[in-house]
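Asker: Just so it is clear, I am handing over structure-v8.txt, which has compact mmCIF, C-alpha atoms and all ligand atoms.
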# COMPACT_ATOMS: atom_id res chain seq x y z
CA MET A 26 -42.30 -141.02 19.72
CA LYS A 27 -39.73 -138.20 20.02
CA LYS A 28 -40.34 -135.41 22.50
CA GLY A 29 -40.31 -131.92 20.99
CA LYS A 30 -40.24 -128.49 22.61
CA LYS A 31 -42.19 -127.50 25.68
CA LEU A 32 -45.53 -125.98 24.64
CA TYR A 33 -47.11 -125.26 28.01
CA GLU A 34 -46.32 -125.71 31.69
CA GLY A 35 -49.13 -125.88 34.23
CA LYS A 36 -49.11 -126.44 37.97
CA ALA A 37 -48.93 -130.24 37.87
CA LYS A 38 -48.21 -131.07 34.22
CA ILE A 39 -46.11 -130.04 31.22
CA ILE A 40 -47.16 -130.42 27.59
CA PHE A 41 -44.46 -131.15 24.98
CA ALA A 42 -44.76 -131.29 21.20
CA SER A 43 -44.37 -134.67 19.50
CA THR A 44 -43.39 -135.67 15.98
CA ASP A 45 -47.11 -135.77 15.05
CA LYS A 46 -48.70 -132.31 14.77
CA ASN A 47 -52.00 -133.62 16.13
CA LEU A 48 -50.49 -135.32 19.20
CA VAL A 49 -48.64 -134.01 22.25
CA ILE A 50 -46.87 -135.52 25.25
CA GLN A 51 -48.31 -134.88 28.71
CA HIS A 52 -45.73 -135.05 31.54
CA PHE A 53 -46.90 -135.46 35.15
CA LYS A 54 -44.86 -133.50 37.72
CA ASP A 55 -44.61 -134.11 41.46
CA ASP A 56 -45.61 -130.51 42.18
CA ALA A 57 -48.77 -129.90 44.13
CA THR A 58 -50.57 -126.62 44.64
CA ALA A 59 -53.70 -125.68 46.53
CA PHE A 60 -55.77 -122.64 47.42
CA ASN A 61 -55.09 -120.87 44.16
CA ASN A 62 -51.33 -121.45 44.29
CA GLN A 63 -50.90 -120.15 47.84
CA LYS A 64 -49.77 -123.54 49.13
CA LYS A 65 -47.09 -125.44 47.25
CA ALA A 66 -45.11 -128.63 47.72
CA ASN A 67 -43.22 -131.30 45.86
CA ILE A 68 -44.64 -134.71 46.64
CA GLU A 69 -42.19 -137.35 45.51
CA GLY A 70 -43.82 -139.94 43.26
CA LYS A 71 -47.18 -138.18 42.85
CA GLY A 72 -46.65 -137.66 39.11
CA ILE A 73 -45.88 -141.34 38.56
CA LEU A 74 -49.03 -142.41 40.40
CA ASN A 75 -51.27 -139.86 38.66
CA ASN A 76 -49.91 -140.84 35.24
CA ARG A 77 -50.72 -144.49 35.95
CA ILE A 78 -54.11 -143.87 37.62
CA SER A 79 -55.27 -141.43 34.92
CA GLU A 80 -54.15 -143.84 32.20
CA HIS A 81 -56.15 -146.63 33.85
CA ILE A 82 -59.31 -144.53 34.23
CA LEU A 83 -59.20 -142.93 30.78
CA SER A 84 -58.57 -146.33 29.13
CA ALA A 85 -61.55 -147.78 30.97
CA LEU A 86 -63.69 -144.82 29.87
CA LYS A 87 -62.53 -145.34 26.28
CA ASP A 88 -63.59 -148.99 26.54
CA ALA A 89 -66.99 -147.71 27.67
CA ASN A 90 -67.18 -145.53 24.52
CA ILE A 91 -66.45 -142.27 26.30
CA GLU A 92 -64.01 -140.55 24.00
CA ASN A 93 -60.99 -138.86 25.54
CA HIS A 94 -57.54 -137.57 24.68
CA LEU A 95 -55.49 -140.59 25.81
CA ILE A 96 -53.57 -142.40 23.09
CA LYS A 97 -51.15 -144.38 25.28
CA ARG A 98 -48.84 -144.14 28.25
CA LEU A 99 -45.23 -143.73 27.12
CA ASN A 100 -43.28 -144.14 30.35
CA MET A 101 -43.50 -143.59 34.12
CA ARG A 102 -44.35 -139.91 33.83
CA GLU A 103 -45.59 -139.35 30.31
CA GLN A 104 -48.49 -140.15 28.04
CA LEU A 105 -49.23 -139.45 24.42
CA ILE A 106 -52.47 -137.54 24.00
CA ASP A 107 -54.54 -135.81 21.32
CA LEU A 108 -53.79 -132.12 20.97
CA VAL A 109 -56.94 -130.26 22.00
CA GLU A 110 -57.95 -126.68 22.48
CA ILE A 111 -59.13 -126.65 26.08
CA ILE A 112 -62.55 -125.10 26.79
CA PRO A 113 -61.80 -122.65 29.63
CA ILE A 114 -64.31 -124.21 32.01
CA GLU A 115 -63.75 -126.64 34.88
CA PHE A 116 -66.70 -129.02 35.07
CA ILE A 117 -67.24 -130.08 38.68
CA VAL A 118 -69.45 -133.09 39.32
CA ARG A 119 -70.60 -133.69 42.89
CA ASN A 120 -72.29 -136.66 44.56
CA ILE A 121 -71.65 -135.67 48.19
CA VAL A 122 -71.48 -132.10 49.49
CA THR A 123 -68.04 -131.03 50.70
CA GLY A 124 -65.28 -128.54 49.90
CA SER A 125 -66.19 -125.18 48.42
CA LEU A 126 -69.91 -126.06 48.19
CA THR A 127 -70.12 -126.61 51.95
CA LYS A 128 -68.72 -123.14 52.56
CA ARG A 129 -70.62 -121.37 49.78
CA LEU A 130 -74.08 -122.59 50.79
CA ASN A 131 -73.48 -123.58 54.42
CA ILE A 132 -74.58 -127.15 53.82
CA GLU A 133 -73.41 -129.87 56.18
CA ASP A 134 -70.25 -131.59 55.04
CA GLY A 135 -70.99 -135.13 53.85
CA THR A 136 -74.62 -134.49 52.82
CA LYS A 137 -75.51 -136.98 50.08
CA LEU A 138 -77.04 -135.36 47.01
CA ASN A 139 -80.19 -136.98 45.59
CA ARG A 140 -78.88 -136.38 42.10
CA PRO A 141 -75.44 -135.42 40.81
CA LEU A 142 -74.76 -131.71 40.72
CA ILE A 143 -72.72 -130.19 37.90
CA GLU A 144 -71.05 -126.83 38.44
CA PHE A 145 -69.18 -124.66 35.96
CA CYS A 146 -66.08 -122.69 36.95
CA TYR A 147 -64.21 -120.29 34.69
CA LYS A 148 -60.59 -121.45 34.41
CA ASN A 149 -58.70 -118.38 35.51
CA ASP A 150 -56.08 -118.59 38.27
CA GLY A 151 -55.98 -114.81 38.72
CA LEU A 152 -59.69 -114.85 39.58
CA GLY A 153 -59.53 -118.11 41.58
CA ASP A 154 -61.57 -120.16 39.05
CA PRO A 155 -64.93 -118.47 39.86
CA LEU A 156 -68.25 -120.29 39.63
CA VAL A 157 -70.19 -119.15 36.55
CA ALA A 158 -73.65 -119.81 35.12
CA LYS A 159 -74.26 -121.42 31.73
CA GLU A 160 -75.39 -117.99 30.55
CA HIS A 161 -71.88 -116.61 31.19
CA ILE A 162 -70.44 -119.43 29.09
CA TYR A 163 -72.75 -118.55 26.19
CA ALA A 164 -72.45 -114.77 26.61
CA PHE A 165 -68.64 -114.86 26.52
CA GLU A 166 -68.62 -117.61 23.89
CA TRP A 167 -66.47 -119.99 25.92
CA ALA A 168 -68.67 -122.76 24.49
CA SER A 169 -72.00 -123.00 22.65
CA GLU A 170 -75.29 -124.22 24.11
CA LYS A 171 -75.06 -127.36 22.00
CA GLU A 172 -71.53 -128.04 23.24
CA ILE A 173 -72.50 -127.55 26.88
CA ASP A 174 -75.50 -129.89 26.46
CA TYR A 175 -73.16 -132.53 25.03
CA ILE A 176 -70.53 -132.01 27.75
CA THR A 177 -73.18 -132.16 30.51
CA GLU A 178 -74.40 -135.48 29.13
CA GLN A 179 -70.78 -136.74 29.03
CA CYS A 180 -70.25 -135.57 32.64
CA MET A 181 -73.26 -137.64 33.76
CA ARG A 182 -72.02 -140.72 31.87
CA ILE A 183 -68.51 -140.33 33.27
CA ASN A 184 -69.92 -139.92 36.79
CA ASP A 185 -72.08 -143.06 36.42
CA PHE A 186 -69.12 -145.04 35.19
CA LEU A 187 -66.69 -143.79 37.84
CA LEU A 188 -69.22 -144.19 40.69
CA GLY A 189 -69.57 -147.87 39.80
CA MET A 190 -65.86 -148.39 39.26
CA PHE A 191 -64.90 -146.88 42.61
CA LYS A 192 -67.80 -148.51 44.48
CA GLY A 193 -66.45 -151.87 43.34
CA ILE A 194 -63.17 -151.18 45.14
CA GLY A 195 -64.67 -149.77 48.33
CA ILE A 196 -64.27 -146.08 47.49
CA LYS A 197 -66.88 -143.30 47.51
CA LEU A 198 -66.56 -140.91 44.58
CA VAL A 199 -67.44 -137.69 46.40
CA ASP A 200 -66.76 -135.22 43.58
CA PHE A 201 -64.36 -134.52 40.73
CA LYS A 202 -63.22 -131.90 38.22
CA ILE A 203 -62.90 -132.61 34.53
CA GLU A 204 -61.97 -130.60 31.48
CA PHE A 205 -62.94 -130.90 27.85
CA GLY A 206 -61.28 -129.71 24.67
CA LYS A 207 -61.74 -129.54 20.92
CA ARG A 208 -59.54 -132.14 19.22
CA LYS A 209 -57.24 -130.48 16.68
CA SER A 210 -57.50 -133.31 14.15
CA ASP A 211 -61.30 -133.21 13.76
CA GLY A 212 -62.75 -130.51 16.03
CA LYS A 213 -64.63 -133.06 18.15
CA ILE A 214 -65.19 -132.25 21.82
CA ILE A 215 -63.52 -134.84 24.03
CA LEU A 216 -62.60 -135.36 27.67
CA ALA A 217 -59.04 -134.11 28.29
CA ASP A 218 -56.59 -133.29 31.14
CA GLU A 219 -56.51 -136.05 33.80
CA ILE A 220 -58.64 -137.98 36.26
CA SER A 221 -56.65 -138.82 39.38
CA PRO A 222 -56.62 -138.28 43.16
CA ASP A 223 -55.45 -134.74 42.31
CA THR A 224 -58.78 -134.01 40.61
CA CYS A 225 -61.24 -136.22 42.53
CA ARG A 226 -62.33 -136.56 46.13
CA LEU A 227 -62.14 -140.23 47.04
CA TRP A 228 -63.20 -141.50 50.47
CA ASP A 229 -62.82 -145.00 51.82
CA ALA A 230 -66.35 -146.47 51.81
CA GLU A 231 -66.15 -147.80 55.39
CA THR A 232 -64.21 -145.13 57.24
CA ASP A 233 -64.55 -142.00 55.02
CA LYS A 234 -60.74 -141.73 55.14
CA LYS A 235 -59.59 -139.31 52.45
CA LEU A 236 -57.45 -140.89 49.73
CA ASP A 237 -56.96 -137.79 47.58
CA LYS A 238 -55.44 -134.32 47.35
CA ASP A 239 -57.38 -133.15 50.41
CA ARG A 240 -54.64 -134.96 52.41
CA PHE A 241 -52.32 -132.22 51.09
CA ARG A 242 -54.84 -129.35 51.23
CA LYS A 243 -55.76 -130.13 54.84
CA ASP A 244 -52.27 -131.19 56.05
CA LEU A 245 -53.46 -134.71 56.85
CA GLY A 246 -50.11 -136.32 55.98
CA GLU A 247 -49.65 -139.72 54.28
CA ILE A 248 -50.42 -138.19 50.88
CA ILE A 249 -48.56 -140.72 48.77
CA GLU A 250 -50.00 -143.57 50.83
CA GLY A 251 -53.50 -142.31 49.94
CA TYR A 252 -52.71 -142.24 46.21
CA GLN A 253 -50.97 -145.63 46.46
CA GLU A 254 -54.05 -147.08 48.14
CA VAL A 255 -56.22 -145.91 45.22
CA ALA A 256 -53.75 -147.47 42.74
CA ARG A 257 -53.56 -150.67 44.80
CA ARG A 258 -57.34 -151.07 44.85
CA LEU A 259 -57.50 -150.36 41.12
CA GLY A 260 -55.06 -153.26 40.72
CA ILE A 261 -52.33 -151.15 39.14
CA LEU A 262 -49.83 -150.72 41.96
CA HIS A 263 -46.78 -152.44 40.55
CA GLU A 264 -43.18 -152.49 41.74
CA GLN A 265 -42.26 -149.03 40.48
CA THR A 266 -45.15 -147.20 42.13
CA ASN A 267 -45.03 -149.40 45.22
CA ASN A 268 -41.43 -148.47 45.94
CA ILE A 269 -42.04 -144.74 46.10
CA ARG A 270 -40.70 -143.66 49.44
CA PRO A 271 -43.71 -142.70 51.52
CA ILE A 272 -43.39 -139.31 53.11
CA LYS A 273 -45.24 -138.37 56.22
CA PHE A 274 -45.62 -134.74 55.26
CA PRO A 275 -45.00 -132.74 52.09
CA LYS A 276 -41.69 -130.92 52.20
CA PRO A 277 -41.06 -128.11 51.96
CA ILE A 278 -44.33 -126.30 52.30
CA GLU A 279 -43.87 -122.86 50.91
CA VAL A 280 -46.70 -120.54 51.71
CA LYS A 281 -47.03 -117.59 49.41
CA ILE A 282 -49.76 -115.07 49.93
CA LYS A 283 -50.75 -113.65 46.60
CA LYS A 284 -50.91 -109.88 46.40
CA LYS A 285 -54.09 -108.71 44.73
P1 LIG B 301 -64.11 -127.72 45.38
O1 LIG B 301 -64.87 -126.79 44.48
O2 LIG B 301 -64.99 -128.33 46.44
O3 LIG B 301 -62.86 -127.12 45.91
O4 LIG B 301 -63.61 -128.93 44.43
C1 LIG B 301 -64.51 -129.83 43.85
C2 LIG B 301 -63.74 -130.95 43.17
O5 LIG B 301 -63.08 -130.45 42.02
C3 LIG B 301 -62.65 -131.60 44.02
O6 LIG B 301 -62.59 -132.97 43.70
C4 LIG B 301 -61.38 -130.90 43.58
O7 LIG B 301 -60.28 -131.78 43.71
C5 LIG B 301 -61.68 -130.61 42.13
N1 LIG B 301 -61.09 -129.33 41.70
C6 LIG B 301 -61.69 -128.13 41.67
N2 LIG B 301 -60.86 -127.18 41.20
C7 LIG B 301 -59.72 -127.80 40.93
C8 LIG B 301 -58.45 -127.35 40.40
O8 LIG B 301 -58.24 -126.18 40.08
N3 LIG B 301 -57.48 -128.30 40.29
C9 LIG B 301 -57.69 -129.61 40.62
N4 LIG B 301 -56.68 -130.49 40.49
N5 LIG B 301 -58.86 -130.06 41.09
C10 LIG B 301 -59.86 -129.18 41.25
Would you give me this structure, written as structure tokens?
Ligand code: 5GP
Answerer:
Amino acid sequence: MKKGKKLYEGKAKIIFASTDKNLVIQHFKDDATAFNNQKKANIEGKGILNNRISEHILSALKDANIENHLIKRLNMREQLIDLVEIIPIEFIVRNIVTGSLTKRLNIEDGTKLNRPLIEFCYKNDGLGDPLVAKEHIYAFEWASEKEIDYITEQCMRINDFLLGMFKGIGIKLVDFKIEFGKRKSDGKIILADEISPDTCRLWDAETDKKLDKDRFRKDLGEIIEGYQEVARRLGILHEQTNNIRPIKFPKPIEVKIKKK
């Protein structure tokens, strides 16, 4: 599959055209950002691990009849995916209260939810991806009621599947963010983007040690080791990803305060 021109560059990924008008190539970068782009770093090897981990998870979801954009992994950093029109909503699924929810509602960090909680955030960096109600989604026609019902059902299925998958390897799936899009070839709504330690909170089941992007957000160090541990437990840490030089701290950390 030949790589065409760059179509879009995001914070952690680049999308390139392919020779098929309905397919594109997703490239995973080592760049990491947090707090609405105010904290930035290059974490050597992160893109390779996320490409591999996301491929593994999305393939497993496909096997469980949960449709998604993955066609196949092409190389260490790239995968061939369906071209979709992304719905501008981040779907956050939570099993344990932490992160922004702790702050917003002053609920104790680590509180286990009796049932999964789905939140909707409007994808807009300038606004800091604000939380919105379903009514906003309908009013601004970001998606229809029928589409949101379908996506919500998919979110619950994906959560059930991932909870079990991670439980089996001694990891608590605390929360995660997923995105959906309309497939160009047939207009069907499918899971898109990625599922990786960049987009999930993953805690070791025994110690609650963080194995995800919070290691970067909270300056906990050993970021790559956390991602490698997830890959190792998933049984996909091979020579290439195992040899990534572990770094104790992301370098350089460039702090940019955004002017409003
Ligand atoms: P929170 O709202 O607590 O910051 O995040 C909830 C979950 O969604 C976490 O697993 C977090 O990693 C993920 N998440 C929320 N927003 C984003 C985002 O803009 N980018 C990425 N990669 N993950 C996000």
Asker: Around ligand LIG 301 (chain B), fit a box with edges along x, y and z, padding it by 3 Å on each side, then list its centre and edge lengths in Å to one decimal as lines of an AutoDock Vina configuration file.
Answerer:
center_x = -60.8
center_y = -129.6
center_z = 43.3
size_x = 14.3
size_y = 12.8
size_z = 12.4
Asker: Report as a list of chain:residue names all protein, DNA and RNA residues lying within 6 Å of stretch 86-98 of chain A, evaluated on all atoms listed in the file, omitting residues in the same chain fewer than 6 positions from it.
Answerer: A:Gln104, A:Leu105, A:Ile106, A:Asp107, A:Ile215, A:Leu216, A:Ala217
Asker: State, in Å with one decimal place, the distance from atom CA of A:Arg226 to atom CA of A:Val255.
Answerer: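 We find that atom CA of A:Arg226 and atom CA of A:Val255 lie 11.2 Å from each other.
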Asker: Within 6 Å of ligand LIG 301 (chain B), counting all atoms listed in the file: which residues, as number ranges by chain?
Answerer: A: 117, 123-126, 200-202, 223-226
Asker: List the spatial neighbours of A:Lys209 as number ranges by chain - criterion: any atom at most 10 Å away, all atoms listed in the file, same-chain residues fewer than 6 positions off excluded.
Answerer: A: 46-48, 107-110
Asker: Between atom CA of A:Gly72 and atom CA of A:Gly193, what is the spacing in Å?
Answerer: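 Atom CA of A:Gly72 lies at a distance of 24.7 Å from atom CA of A:Gly193.
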Asker: For the atom pair atom CA of A:Asp239 and atom CA of A:Gly260, what is the interatomic distance in Å to one decimal place?
Answerer: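 Answer for the atom CA of A:Asp239 to atom CA of A:Gly260 separation: 22.4 Å.
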Asker: Tell me which protein, DNA and RNA residues are within 12 Å of stretch 151-161 of chain A, counting only C-alpha atoms, leaving out same-chain ones fewer than 6 positions away, and put them as a PyMOL selection string.
Answerer: chain A and resi 59-63+113-117+125-126+129+143-145+167-174+176-177+202+283-285
Asker: I'd like to know which of A:Leu99, A:Gly189, A:Glu204, A:Ala85 is closest to A:Lys148, using only C-alpha atoms.
Answerer: A:Glu204
Asker: List the neighbours of A:Leu74 out to 8 Å using all atoms listed in the file; skip same-chain residues closer than 2 positions along the sequence, and give me the result as a PyMOL selection string.
Answerer: chain A and resi 70-72+76-78+252-253+256+266
Asker: Rank nothing, just name the residue among A:Asp45, A:Tyr33, A:Gly251, A:His52 nearest to A:Ser210, using only C-alpha atoms.
Answerer: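 When distances to A:Ser210 are compared using only C-alpha atoms, the smallest one comes from A:Asp45.
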Asker: Determine the nearest neighbour of A:Leu259 from the options A:Leu32, A:Met181, A:Ile39, A:Ile82, counting only C-alpha atoms.
Answerer: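 Among A:Leu32, A:Met181, A:Ile39, A:Ile82, it is A:Ile82 that comes nearest to A:Leu259.
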Asker: Determine, counting only C-alpha atoms, which protein, DNA and RNA residues have an atom within 12 Å of an atom of A:Lys243; residues of the same chain fewer than 5 positions away are not included. Present the result as a list in words.
Answerer: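 Counting only the stated atoms, we get Thr58, Ala59, Phe60, Lys64, Gly124, Lys235, Asp237, Lys238, Ile248, Phe274 and Pro275 of chain A.
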